[in-house]
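**Q** Take a look at target00.cif, mmCIF, N, CA and C atoms:
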data_protein
#
loop_
_atom_site.label_atom_id
_atom_site.label_comp_id
_atom_site.auth_asym_id
_atom_site.auth_seq_id
_atom_site.Cartn_x
_atom_site.Cartn_y
_atom_site.Cartn_z
N MET R 1 49.35 -11.95 33.58
CA MET R 1 50.21 -10.93 33.01
C MET R 1 49.43 -9.66 32.69
N ARG R 2 48.22 -9.82 32.16
CA ARG R 2 47.38 -8.68 31.85
C ARG R 2 46.99 -7.93 33.12
N PHE R 3 46.69 -8.64 34.18
CA PHE R 3 46.32 -8.04 35.46
C PHE R 3 47.49 -7.22 36.03
N ILE R 4 48.68 -7.73 35.93
CA ILE R 4 49.86 -7.02 36.42
C ILE R 4 50.08 -5.74 35.60
N SER R 5 49.84 -5.80 34.31
CA SER R 5 49.99 -4.62 33.46
C SER R 5 48.98 -3.54 33.84
N ILE R 6 47.75 -3.94 34.12
CA ILE R 6 46.72 -2.99 34.52
C ILE R 6 47.07 -2.33 35.85
N ILE R 7 47.51 -3.11 36.81
CA ILE R 7 47.92 -2.58 38.12
C ILE R 7 49.09 -1.61 37.95
N PHE R 8 50.05 -1.97 37.10
CA PHE R 8 51.22 -1.11 36.85
C PHE R 8 50.78 0.22 36.23
N LEU R 9 49.91 0.18 35.23
CA LEU R 9 49.45 1.40 34.58
C LEU R 9 48.63 2.28 35.53
N LEU R 10 47.79 1.67 36.35
CA LEU R 10 47.03 2.44 37.34
C LEU R 10 47.96 3.09 38.35
N GLY R 11 48.99 2.38 38.76
CA GLY R 11 49.96 2.93 39.70
C GLY R 11 50.70 4.12 39.11
N ILE R 12 51.03 4.04 37.85
CA ILE R 12 51.73 5.16 37.19
C ILE R 12 50.82 6.38 37.11
N THR R 13 49.54 6.18 36.79
CA THR R 13 48.63 7.33 36.67
C THR R 13 48.39 7.99 38.02
N ILE R 14 48.43 7.24 39.09
CA ILE R 14 48.24 7.83 40.42
C ILE R 14 49.48 8.59 40.85
N LEU R 15 50.65 8.09 40.52
CA LEU R 15 51.90 8.70 40.96
C LEU R 15 52.35 9.87 40.10
N THR R 16 51.91 9.93 38.86
CA THR R 16 52.35 11.01 37.99
C THR R 16 51.58 12.29 38.27
N ASN R 17 52.21 13.39 37.96
CA ASN R 17 51.59 14.69 38.15
C ASN R 17 51.11 15.19 36.79
N ALA R 18 49.81 15.36 36.65
CA ALA R 18 49.23 15.78 35.37
C ALA R 18 49.58 17.24 35.10
N GLN R 19 49.55 17.61 33.84
CA GLN R 19 49.83 18.99 33.46
C GLN R 19 48.70 19.89 33.94
N ASN R 20 49.06 21.09 34.32
CA ASN R 20 48.11 22.03 34.91
C ASN R 20 47.89 23.20 33.95
N PHE R 21 46.90 23.10 33.08
CA PHE R 21 46.57 24.17 32.15
C PHE R 21 45.26 24.82 32.56
N GLN R 22 45.17 26.12 32.35
CA GLN R 22 43.93 26.85 32.56
C GLN R 22 43.53 27.44 31.22
N SER R 23 42.24 27.52 30.96
CA SER R 23 41.79 28.04 29.68
C SER R 23 40.61 28.99 29.88
N GLY R 24 40.32 29.75 28.84
CA GLY R 24 39.20 30.66 28.90
C GLY R 24 38.76 31.09 27.52
N LEU R 25 37.60 31.69 27.45
CA LEU R 25 37.04 32.18 26.20
C LEU R 25 36.99 33.70 26.22
N ILE R 26 37.11 34.29 25.05
CA ILE R 26 37.00 35.73 24.91
C ILE R 26 35.92 36.02 23.87
N ALA R 27 34.98 36.86 24.22
CA ALA R 27 33.92 37.27 23.30
C ALA R 27 33.58 38.73 23.60
N GLY R 28 33.43 39.51 22.57
CA GLY R 28 33.09 40.90 22.79
C GLY R 28 33.07 41.69 21.50
N ILE R 29 33.08 43.00 21.66
CA ILE R 29 33.10 43.89 20.51
C ILE R 29 34.41 44.69 20.55
N SER R 30 34.83 45.12 19.38
CA SER R 30 36.04 45.93 19.28
C SER R 30 35.75 47.15 18.42
N THR R 31 36.49 48.20 18.64
CA THR R 31 36.41 49.37 17.78
C THR R 31 37.79 49.59 17.16
N SER R 32 37.80 50.06 15.93
CA SER R 32 39.08 50.25 15.26
C SER R 32 38.97 51.33 14.20
N GLN R 33 40.12 51.73 13.71
CA GLN R 33 40.19 52.65 12.58
C GLN R 33 41.39 52.27 11.73
N VAL R 34 41.38 52.70 10.48
CA VAL R 34 42.46 52.40 9.55
C VAL R 34 43.29 53.67 9.37
N SER R 35 44.58 53.55 9.59
CA SER R 35 45.47 54.69 9.45
C SER R 35 45.59 55.10 7.98
N GLY R 36 45.45 56.39 7.72
CA GLY R 36 45.62 56.91 6.37
C GLY R 36 44.37 56.90 5.51
N ASP R 37 43.21 56.53 6.03
CA ASP R 37 42.00 56.47 5.21
C ASP R 37 41.20 57.78 5.23
N GLU R 38 41.71 58.81 5.91
CA GLU R 38 41.10 60.14 6.00
C GLU R 38 39.76 60.13 6.73
N ILE R 39 39.43 59.05 7.41
CA ILE R 39 38.24 58.99 8.27
C ILE R 39 38.75 58.97 9.70
N HIS R 40 38.29 59.88 10.51
CA HIS R 40 38.83 60.01 11.86
C HIS R 40 37.84 59.42 12.88
N GLY R 41 38.37 58.78 13.88
CA GLY R 41 37.55 58.23 14.95
C GLY R 41 37.42 56.73 14.87
N PHE R 42 37.07 56.16 15.99
CA PHE R 42 36.88 54.70 16.10
C PHE R 42 35.41 54.39 15.85
N ASN R 43 34.98 54.51 14.60
CA ASN R 43 33.58 54.35 14.24
C ASN R 43 33.24 52.95 13.76
N LYS R 44 34.19 52.07 13.62
CA LYS R 44 33.95 50.70 13.15
C LYS R 44 33.82 49.78 14.36
N ILE R 45 32.66 49.19 14.51
CA ILE R 45 32.43 48.23 15.59
C ILE R 45 32.48 46.83 14.99
N GLY R 46 33.27 45.96 15.60
CA GLY R 46 33.43 44.61 15.08
C GLY R 46 33.31 43.57 16.18
N LEU R 47 33.29 42.34 15.78
CA LEU R 47 33.16 41.20 16.68
C LEU R 47 34.55 40.65 17.01
N GLN R 48 34.74 40.23 18.25
CA GLN R 48 35.97 39.57 18.65
C GLN R 48 35.61 38.28 19.38
N LEU R 49 36.16 37.16 18.89
CA LEU R 49 35.92 35.84 19.47
C LEU R 49 37.26 35.12 19.60
N GLY R 50 37.41 34.32 20.62
CA GLY R 50 38.65 33.57 20.74
C GLY R 50 38.75 32.83 22.05
N GLY R 51 39.93 32.33 22.28
CA GLY R 51 40.20 31.60 23.49
C GLY R 51 41.68 31.62 23.80
N PHE R 52 42.00 31.22 25.03
CA PHE R 52 43.39 31.18 25.44
C PHE R 52 43.60 29.99 26.37
N VAL R 53 44.85 29.61 26.50
CA VAL R 53 45.26 28.58 27.44
C VAL R 53 46.57 29.05 28.07
N ASN R 54 46.67 28.91 29.40
CA ASN R 54 47.92 29.29 30.04
C ASN R 54 48.38 28.21 31.00
N HIS R 55 49.65 28.29 31.36
CA HIS R 55 50.28 27.29 32.22
C HIS R 55 51.18 28.01 33.22
N PRO R 56 51.05 27.68 34.50
CA PRO R 56 51.92 28.32 35.50
C PRO R 56 53.39 28.00 35.24
N LEU R 57 54.23 29.02 35.32
CA LEU R 57 55.67 28.84 35.16
C LEU R 57 56.39 28.96 36.50
N GLY R 58 55.77 29.63 37.43
CA GLY R 58 56.33 29.83 38.75
C GLY R 58 55.23 30.26 39.69
N LYS R 59 55.62 30.75 40.86
CA LYS R 59 54.62 31.15 41.85
C LYS R 59 53.73 32.29 41.36
N ASN R 60 54.33 33.28 40.69
CA ASN R 60 53.59 34.46 40.25
C ASN R 60 53.56 34.65 38.75
N SER R 61 53.92 33.65 37.97
CA SER R 61 54.03 33.85 36.53
C SER R 61 53.35 32.72 35.74
N LYS R 62 52.93 33.07 34.53
CA LYS R 62 52.28 32.12 33.63
C LYS R 62 52.72 32.41 32.20
N GLY R 63 52.75 31.38 31.38
CA GLY R 63 52.91 31.53 29.95
C GLY R 63 51.55 31.32 29.31
N GLN R 64 51.21 32.11 28.31
CA GLN R 64 49.87 32.05 27.72
C GLN R 64 49.91 32.05 26.21
N PHE R 65 49.03 31.26 25.60
CA PHE R 65 48.83 31.22 24.15
C PHE R 65 47.36 31.54 23.88
N GLY R 66 47.10 32.39 22.89
CA GLY R 66 45.73 32.74 22.55
C GLY R 66 45.51 32.71 21.05
N LEU R 67 44.28 32.44 20.65
CA LEU R 67 43.88 32.43 19.25
C LEU R 67 42.56 33.19 19.14
N TYR R 68 42.51 34.21 18.25
CA TYR R 68 41.37 35.11 18.19
C TYR R 68 40.94 35.39 16.75
N TYR R 69 39.65 35.62 16.58
CA TYR R 69 39.08 36.16 15.35
C TYR R 69 38.61 37.56 15.70
N ILE R 70 38.96 38.55 14.86
CA ILE R 70 38.56 39.92 15.16
C ILE R 70 38.23 40.66 13.87
N ASP R 71 37.12 41.41 13.91
CA ASP R 71 36.72 42.29 12.81
C ASP R 71 37.30 43.67 13.07
N LYS R 72 37.97 44.21 12.07
CA LYS R 72 38.52 45.56 12.15
C LYS R 72 38.10 46.33 10.92
N GLY R 73 38.46 47.58 10.86
CA GLY R 73 38.16 48.36 9.67
C GLY R 73 37.91 49.81 9.97
N SER R 74 37.14 50.43 9.08
CA SER R 74 36.85 51.85 9.17
C SER R 74 35.43 52.08 8.67
N ASN R 75 34.78 53.07 9.24
CA ASN R 75 33.39 53.35 8.87
C ASN R 75 33.15 54.85 8.97
N ASP R 76 32.66 55.44 7.92
CA ASP R 76 32.31 56.86 7.94
C ASP R 76 30.79 56.97 8.01
N PRO R 77 30.25 57.35 9.17
CA PRO R 77 28.78 57.41 9.29
C PRO R 77 28.14 58.49 8.41
N LYS R 78 28.93 59.45 7.91
CA LYS R 78 28.38 60.53 7.08
C LYS R 78 28.33 60.17 5.60
N SER R 79 28.98 59.07 5.22
CA SER R 79 28.97 58.66 3.81
C SER R 79 28.77 57.15 3.73
N GLN R 80 28.88 56.60 2.53
CA GLN R 80 28.72 55.16 2.35
C GLN R 80 30.07 54.45 2.28
N PHE R 81 31.15 55.10 2.71
CA PHE R 81 32.47 54.49 2.64
C PHE R 81 32.72 53.64 3.89
N LYS R 82 33.12 52.39 3.64
CA LYS R 82 33.35 51.46 4.75
C LYS R 82 34.45 50.48 4.35
N ILE R 83 35.33 50.14 5.29
CA ILE R 83 36.36 49.12 5.11
C ILE R 83 36.11 48.03 6.13
N ASN R 84 35.94 46.79 5.66
CA ASN R 84 35.73 45.63 6.54
C ASN R 84 36.94 44.70 6.42
N LEU R 85 37.60 44.45 7.53
CA LEU R 85 38.77 43.57 7.57
C LEU R 85 38.55 42.50 8.62
N SER R 86 38.83 41.26 8.28
CA SER R 86 38.72 40.14 9.21
C SER R 86 40.10 39.54 9.42
N TYR R 87 40.50 39.43 10.68
CA TYR R 87 41.82 38.94 11.04
C TYR R 87 41.73 37.69 11.90
N LEU R 88 42.72 36.84 11.76
CA LEU R 88 42.96 35.73 12.67
C LEU R 88 44.26 36.07 13.38
N GLU R 89 44.22 36.17 14.70
CA GLU R 89 45.38 36.58 15.47
C GLU R 89 45.76 35.54 16.50
N THR R 90 47.04 35.43 16.75
CA THR R 90 47.54 34.53 17.78
C THR R 90 48.49 35.31 18.68
N SER R 91 48.46 35.03 19.96
CA SER R 91 49.32 35.74 20.90
C SER R 91 50.10 34.74 21.74
N TYR R 92 51.32 35.12 22.02
CA TYR R 92 52.20 34.38 22.92
C TYR R 92 52.66 35.38 23.97
N SER R 93 52.28 35.15 25.21
CA SER R 93 52.57 36.16 26.22
C SER R 93 53.03 35.56 27.54
N PHE R 94 53.63 36.42 28.34
CA PHE R 94 54.12 36.08 29.67
C PHE R 94 53.35 36.95 30.65
N LEU R 95 52.70 36.34 31.65
CA LEU R 95 51.93 37.05 32.65
C LEU R 95 52.65 36.98 33.98
N TYR R 96 52.72 38.12 34.68
CA TYR R 96 53.38 38.17 35.98
C TYR R 96 52.50 38.92 36.96
N ASP R 97 52.15 38.29 38.07
CA ASP R 97 51.33 38.91 39.12
C ASP R 97 52.24 39.57 40.14
N TYR R 98 52.02 40.88 40.36
CA TYR R 98 52.83 41.63 41.31
C TYR R 98 51.93 42.62 42.04
N GLN R 99 51.85 42.50 43.35
CA GLN R 99 51.05 43.37 44.21
C GLN R 99 49.62 43.53 43.71
N GLU R 100 48.94 42.42 43.52
CA GLU R 100 47.53 42.36 43.10
C GLU R 100 47.28 43.00 41.74
N PHE R 101 48.31 43.05 40.90
CA PHE R 101 48.17 43.56 39.55
C PHE R 101 48.85 42.57 38.62
N SER R 102 48.25 42.30 37.49
CA SER R 102 48.81 41.35 36.53
C SER R 102 49.43 42.10 35.36
N TRP R 103 50.73 41.90 35.14
CA TRP R 103 51.46 42.48 34.02
C TRP R 103 51.52 41.46 32.91
N GLU R 104 51.37 41.90 31.68
CA GLU R 104 51.40 40.98 30.55
C GLU R 104 52.22 41.59 29.42
N GLY R 105 53.09 40.79 28.83
CA GLY R 105 53.88 41.23 27.69
C GLY R 105 54.09 40.05 26.76
N GLY R 106 54.21 40.34 25.48
CA GLY R 106 54.40 39.22 24.55
C GLY R 106 54.34 39.65 23.11
N LEU R 107 54.00 38.70 22.29
CA LEU R 107 54.00 38.85 20.84
C LEU R 107 52.61 38.55 20.30
N LEU R 108 52.11 39.41 19.41
CA LEU R 108 50.81 39.21 18.76
C LEU R 108 51.04 39.20 17.26
N ILE R 109 50.58 38.14 16.61
CA ILE R 109 50.71 38.00 15.16
C ILE R 109 49.33 37.92 14.56
N GLY R 110 49.06 38.75 13.55
CA GLY R 110 47.76 38.76 12.90
C GLY R 110 47.88 38.50 11.42
N VAL R 111 46.91 37.77 10.88
CA VAL R 111 46.86 37.46 9.46
C VAL R 111 45.50 37.91 8.91
N LEU R 112 45.53 38.71 7.85
CA LEU R 112 44.29 39.16 7.21
C LEU R 112 43.68 37.98 6.45
N ILE R 113 42.44 37.61 6.79
CA ILE R 113 41.79 36.50 6.11
C ILE R 113 40.71 36.96 5.13
N ASP R 114 40.23 38.22 5.28
CA ASP R 114 39.23 38.75 4.36
C ASP R 114 39.24 40.27 4.46
N GLY R 115 39.11 40.94 3.33
CA GLY R 115 39.06 42.39 3.32
C GLY R 115 38.18 42.90 2.20
N LYS R 116 37.30 43.85 2.53
CA LYS R 116 36.38 44.43 1.54
C LYS R 116 36.26 45.92 1.78
N THR R 117 36.06 46.66 0.69
CA THR R 117 35.82 48.09 0.76
C THR R 117 34.45 48.36 0.12
N LEU R 118 33.64 49.15 0.81
CA LEU R 118 32.31 49.53 0.32
C LEU R 118 32.33 51.03 0.04
N ASP R 119 31.90 51.41 -1.14
CA ASP R 119 31.73 52.83 -1.46
C ASP R 119 30.43 52.99 -2.23
N ILE R 120 30.22 54.09 -2.91
CA ILE R 120 28.95 54.32 -3.60
C ILE R 120 28.72 53.36 -4.74
N TYR R 121 29.77 52.68 -5.21
CA TYR R 121 29.66 51.70 -6.31
C TYR R 121 29.46 50.28 -5.82
N GLY R 122 29.45 50.07 -4.50
CA GLY R 122 29.31 48.73 -3.93
C GLY R 122 30.64 48.20 -3.45
N TYR R 123 30.70 46.90 -3.23
CA TYR R 123 31.94 46.28 -2.74
C TYR R 123 32.94 46.15 -3.86
#
The structure given in the file should be rewritten as structure tokens.

**A**
Amino acid sequence: MRFISIIFLLGITILTNAQNFQSGLIAGISTSQVSGDEIHGFNKIGLQLGGFVNHPLGKNSKGQFGLYYIDKGSNDPKSQFKINLSYLETSYSFLYDYQEFSWEGGLLIGVLIDGKTLDIYGY
């Protein structure tokens, strides 16, 4: 009976079609500024780390989910004023390949996990 169960399970694994997911990592730097802080320019350089997984939906389309950590903020190189913001972001997007170009649209949700302001008095 045990032998028949093993043969049956092996047969099912050979006949079934496994899910086809593709994944990747994202690592790099980002530049940002804070609206309304009276500091102009993208002078804040931050770290961006994350990953994504996507699944084909059709011949030319994919659905994708991503999870990212990103540093944002503002930095005035002429003074000691600095804003450091750390975000955790998730994206849900639809990718469509058309004439050797990939179009992407979706939803990005970010949550502030840490925020600090540095001025002449410290943090």

**Q** What's around Gly50 (chain R) at 7 Å? Count all atoms listed in the file, leave out sequence neighbours fewer than 3 positions away in its own chain, and write the answer as a short mmCIF file (atom, residue, chain, number, x, y, z; two decimals) with N, CA and C atoms, in the frame of the given file.

**A**
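Final file, part.cif:
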data_model
loop_
_atom_site.label_atom_id
_atom_site.label_comp_id
_atom_site.auth_asym_id
_atom_site.auth_seq_id
_atom_site.Cartn_x
_atom_site.Cartn_y
_atom_site.Cartn_z
N GLY R 24 40.32 29.75 28.84
CA GLY R 24 39.20 30.66 28.90
C GLY R 24 38.76 31.09 27.52
N LEU R 25 37.60 31.69 27.45
CA LEU R 25 37.04 32.18 26.20
C LEU R 25 36.99 33.70 26.22
N ILE R 26 37.11 34.29 25.05
CA ILE R 26 37.00 35.73 24.91
C ILE R 26 35.92 36.02 23.87
N ALA R 27 34.98 36.86 24.22
CA ALA R 27 33.92 37.27 23.30
C ALA R 27 33.58 38.73 23.60
N GLY R 28 33.43 39.51 22.57
CA GLY R 28 33.09 40.90 22.79
C GLY R 28 33.07 41.69 21.50
N GLY R 66 47.10 32.39 22.89
CA GLY R 66 45.73 32.74 22.55
C GLY R 66 45.51 32.71 21.05
N LEU R 67 44.28 32.44 20.65
CA LEU R 67 43.88 32.43 19.25
C LEU R 67 42.56 33.19 19.14
N TYR R 68 42.51 34.21 18.25
CA TYR R 68 41.37 35.11 18.19
C TYR R 68 40.94 35.39 16.75
N TYR R 69 39.65 35.62 16.58
CA TYR R 69 39.08 36.16 15.35
C TYR R 69 38.61 37.56 15.70
#

**Q** Nearest to Gly122 (chain R): which of R:His55, R:Gln64, R:Gln80, R:Gly73 is it, counting only C-alpha atoms?

**A**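 Of the candidates, the smallest distance to Gly122 (chain R) is held by R:Gln80.
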
**Q** Might you pull out every residue within 5 Å of region 95-97 of chain R, with only N, CA and C atoms counted and same-chain residues fewer than 4 positions away left off, and present them as a CSV table (one decimal) with N, CA and C atoms, in the coordinates of the input?

**A**
chain,number,residue,atom,x,y,z
R,60,ASN,N,54.3,33.3,40.7
R,60,ASN,CA,53.6,34.5,40.2
R,60,ASN,C,53.6,34.6,38.8
R,61,SER,N,53.9,33.6,38.0
R,61,SER,CA,54.0,33.8,36.5
R,61,SER,C,53.4,32.7,35.7
R,62,LYS,N,52.9,33.1,34.5
R,62,LYS,CA,52.3,32.1,33.6
R,62,LYS,C,52.7,32.4,32.2
R,63,GLY,N,52.8,31.4,31.4
R,63,GLY,CA,52.9,31.5,30.0
R,63,GLY,C,51.6,31.3,29.3
R,101,PHE,N,48.3,43.0,40.9
R,101,PHE,CA,48.2,43.6,39.6
R,101,PHE,C,48.8,42.6,38.6
R,102,SER,N,48.2,42.3,37.5
R,102,SER,CA,48.8,41.4,36.5
R,102,SER,C,49.4,42.1,35.4
R,103,TRP,N,50.7,41.9,35.1
R,103,TRP,CA,51.5,42.5,34.0
R,103,TRP,C,51.5,41.5,32.9
R,104,GLU,N,51.4,41.9,31.7
R,104,GLU,CA,51.4,41.0,30.6
R,104,GLU,C,52.2,41.6,29.4

**Q** Find, counting only C-alpha atoms, the residue in R:Asn54, R:Ser91, R:Gln22, R:Ser86 that gets nearest to Ser74 (chain R).

**A**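 Nearest to Ser74 (chain R): R:Ser86.
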
**Q** Neighbouring residues of Asp71 (chain R) were defined as those with any atom within 6.5 Å, considering only N, CA and C atoms; residues of the same chain fewer than 4 positions away were excluded. Please report them as a VMD selection string.

**A** chain R and resid 45 to 48 85 to 87

**Q** Measuring between only N, CA and C atoms, which one of R:Ile29, R:Pro77, R:Ile120, R:Thr90 shows the shortest distance to Leu107 (chain R)?

**A**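 Among the listed residues, R:Thr90 lies closest to Leu107 (chain R).
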
**Q** Restricting the calculation to all atoms listed in the file: of R:Gln99, R:Glu89, R:Leu57, R:Asn43, which residue gets closest to Val111 (chain R)?

**A**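 Among the listed residues, the smallest separation from Val111 (chain R) belongs to R:Glu89.
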
**Q** Exactly which residues make up the result of the PyMOL selection byres ((chain R and resi 119) around 8) on this file, given as a PDB file with N, CA and C atoms, in the frame of the given file?

**A**
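The new file part-v9.pdb reads:
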ATOM      1  N   SER R  79      28.980  59.070   5.220  1.00  0.00           N
ATOM      2  CA  SER R  79      28.970  58.660   3.810  1.00  0.00           C
ATOM      3  C   SER R  79      28.770  57.150   3.730  1.00  0.00           C
ATOM      4  N   GLN R  80      28.880  56.600   2.530  1.00  0.00           N
ATOM      5  CA  GLN R  80      28.720  55.160   2.350  1.00  0.00           C
ATOM      6  C   GLN R  80      30.070  54.450   2.280  1.00  0.00           C
ATOM      7  N   PHE R  81      31.150  55.100   2.710  1.00  0.00           N
ATOM      8  CA  PHE R  81      32.470  54.490   2.640  1.00  0.00           C
ATOM      9  C   PHE R  81      32.720  53.640   3.890  1.00  0.00           C
ATOM     10  N   LYS R  82      33.120  52.390   3.640  1.00  0.00           N
ATOM     11  CA  LYS R  82      33.350  51.460   4.750  1.00  0.00           C
ATOM     12  C   LYS R  82      34.450  50.480   4.350  1.00  0.00           C
ATOM     13  N   ILE R  83      35.330  50.140   5.290  1.00  0.00           N
ATOM     14  CA  ILE R  83      36.360  49.120   5.110  1.00  0.00           C
ATOM     15  C   ILE R  83      36.110  48.030   6.130  1.00  0.00           C
ATOM     16  N   LYS R 116      37.300  43.850   2.530  1.00  0.00           N
ATOM     17  CA  LYS R 116      36.380  44.430   1.540  1.00  0.00           C
ATOM     18  C   LYS R 116      36.260  45.920   1.780  1.00  0.00           C
ATOM     19  N   THR R 117      36.060  46.660   0.690  1.00  0.00           N
ATOM     20  CA  THR R 117      35.820  48.090   0.760  1.00  0.00           C
ATOM     21  C   THR R 117      34.450  48.360   0.120  1.00  0.00           C
ATOM     22  N   LEU R 118      33.640  49.150   0.810  1.00  0.00           N
ATOM     23  CA  LEU R 118      32.310  49.530   0.320  1.00  0.00           C
ATOM     24  C   LEU R 118      32.330  51.030   0.040  1.00  0.00           C
ATOM     25  N   ILE R 120      30.220  54.090  -2.910  1.00  0.00           N
ATOM     26  CA  ILE R 120      28.950  54.320  -3.600  1.00  0.00           C
ATOM     27  C   ILE R 120      28.720  53.360  -4.740  1.00  0.00           C
ATOM     28  N   TYR R 121      29.770  52.680  -5.210  1.00  0.00           N
ATOM     29  CA  TYR R 121      29.660  51.700  -6.310  1.00  0.00           C
ATOM     30  C   TYR R 121      29.460  50.280  -5.820  1.00  0.00           C
ATOM     31  N   GLY R 122      29.450  50.070  -4.500  1.00  0.00           N
ATOM     32  CA  GLY R 122      29.310  48.730  -3.930  1.00  0.00           C
ATOM     33  C   GLY R 122      30.640  48.200  -3.450  1.00  0.00           C
ATOM     34  N   TYR R 123      30.700  46.900  -3.230  1.00  0.00           N
ATOM     35  CA  TYR R 123      31.940  46.280  -2.740  1.00  0.00           C
ATOM     36  C   TYR R 123      32.940  46.150  -3.860  1.00  0.00           C
TER      37      TYR R 123
END

**Q** How many Å lie between CA of Ile70 (chain R) and atom N of Ser30 (chain R), rounded to one decimal?

**A**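 According to the coordinates, CA of Ile70 (chain R) and atom N of Ser30 (chain R) are separated by 7.7 Å.
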
**Q** Between R:Phe94, R:Phe52, R:Leu88, R:Asp76, which one has atoms that come closest to Ile109 (chain R), using all atoms listed in the file?

**A** R:Leu88

**Q** Using only N, CA and C atoms, find the one residue out of R:Tyr98, R:Val53, R:Gly106, R:Asn75 that sits nearest to Val34 (chain R).

**A**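 The shortest atom-to-atom distance to Val34 (chain R) comes from R:Asn75.
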
**Q** Interatomic distance between CA of Asn84 (chain R) and atom N of Lys44 (chain R)?

**A** 9.7 Å

**Q** Where atoms are absent from region 41-53 of chain R, fill them in so it carries N, CA, C and O atoms, then output it as a PDB file, in the frame of the given file.

**A**
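Saved result, selection.pdb, follows:
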ATOM      1  N   GLY R  41      38.370  58.780  13.880  1.00  0.00           N
ATOM      2  CA  GLY R  41      37.550  58.230  14.950  1.00  0.00           C
ATOM      3  C   GLY R  41      37.420  56.730  14.870  1.00  0.00           C
ATOM      4  O   GLY R  41      37.664  56.107  13.838  1.00  0.00           O
ATOM      5  N   PHE R  42      37.070  56.160  15.990  1.00  0.00           N
ATOM      6  CA  PHE R  42      36.880  54.700  16.100  1.00  0.00           C
ATOM      7  C   PHE R  42      35.410  54.390  15.850  1.00  0.00           C
ATOM      8  O   PHE R  42      34.664  54.051  16.757  1.00  0.00           O
ATOM      9  N   ASN R  43      34.980  54.510  14.600  1.00  0.00           N
ATOM     10  CA  ASN R  43      33.580  54.350  14.240  1.00  0.00           C
ATOM     11  C   ASN R  43      33.240  52.950  13.760  1.00  0.00           C
ATOM     12  O   ASN R  43      32.080  52.659  13.486  1.00  0.00           O
ATOM     13  N   LYS R  44      34.190  52.070  13.620  1.00  0.00           N
ATOM     14  CA  LYS R  44      33.950  50.700  13.150  1.00  0.00           C
ATOM     15  C   LYS R  44      33.820  49.780  14.360  1.00  0.00           C
ATOM     16  O   LYS R  44      34.746  49.645  15.155  1.00  0.00           O
ATOM     17  N   ILE R  45      32.660  49.190  14.510  1.00  0.00           N
ATOM     18  CA  ILE R  45      32.430  48.230  15.590  1.00  0.00           C
ATOM     19  C   ILE R  45      32.480  46.830  14.990  1.00  0.00           C
ATOM     20  O   ILE R  45      31.824  46.563  13.983  1.00  0.00           O
ATOM     21  N   GLY R  46      33.270  45.960  15.600  1.00  0.00           N
ATOM     22  CA  GLY R  46      33.430  44.610  15.080  1.00  0.00           C
ATOM     23  C   GLY R  46      33.310  43.570  16.180  1.00  0.00           C
ATOM     24  O   GLY R  46      33.268  43.875  17.372  1.00  0.00           O
ATOM     25  N   LEU R  47      33.290  42.340  15.780  1.00  0.00           N
ATOM     26  CA  LEU R  47      33.160  41.200  16.680  1.00  0.00           C
ATOM     27  C   LEU R  47      34.550  40.650  17.010  1.00  0.00           C
ATOM     28  O   LEU R  47      35.425  40.606  16.157  1.00  0.00           O
ATOM     29  N   GLN R  48      34.740  40.230  18.250  1.00  0.00           N
ATOM     30  CA  GLN R  48      35.970  39.570  18.650  1.00  0.00           C
ATOM     31  C   GLN R  48      35.610  38.280  19.380  1.00  0.00           C
ATOM     32  O   GLN R  48      34.840  38.285  20.330  1.00  0.00           O
ATOM     33  N   LEU R  49      36.160  37.160  18.890  1.00  0.00           N
ATOM     34  CA  LEU R  49      35.920  35.840  19.470  1.00  0.00           C
ATOM     35  C   LEU R  49      37.260  35.120  19.600  1.00  0.00           C
ATOM     36  O   LEU R  49      38.128  35.282  18.741  1.00  0.00           O
ATOM     37  N   GLY R  50      37.410  34.320  20.620  1.00  0.00           N
ATOM     38  CA  GLY R  50      38.650  33.570  20.740  1.00  0.00           C
ATOM     39  C   GLY R  50      38.750  32.830  22.050  1.00  0.00           C
ATOM     40  O   GLY R  50      37.798  32.738  22.828  1.00  0.00           O
ATOM     41  N   GLY R  51      39.930  32.330  22.280  1.00  0.00           N
ATOM     42  CA  GLY R  51      40.200  31.600  23.490  1.00  0.00           C
ATOM     43  C   GLY R  51      41.680  31.620  23.800  1.00  0.00           C
ATOM     44  O   GLY R  51      42.505  32.004  22.977  1.00  0.00           O
ATOM     45  N   PHE R  52      42.000  31.220  25.030  1.00  0.00           N
ATOM     46  CA  PHE R  52      43.390  31.180  25.440  1.00  0.00           C
ATOM     47  C   PHE R  52      43.600  29.990  26.370  1.00  0.00           C
ATOM     48  O   PHE R  52      42.657  29.433  26.933  1.00  0.00           O
ATOM     49  N   VAL R  53      44.850  29.610  26.500  1.00  0.00           N
ATOM     50  CA  VAL R  53      45.260  28.580  27.440  1.00  0.00           C
ATOM     51  C   VAL R  53      46.570  29.050  28.070  1.00  0.00           C
ATOM     52  O   VAL R  53      47.424  29.611  27.379  1.00  0.00           O
TER      53      VAL R  53
END
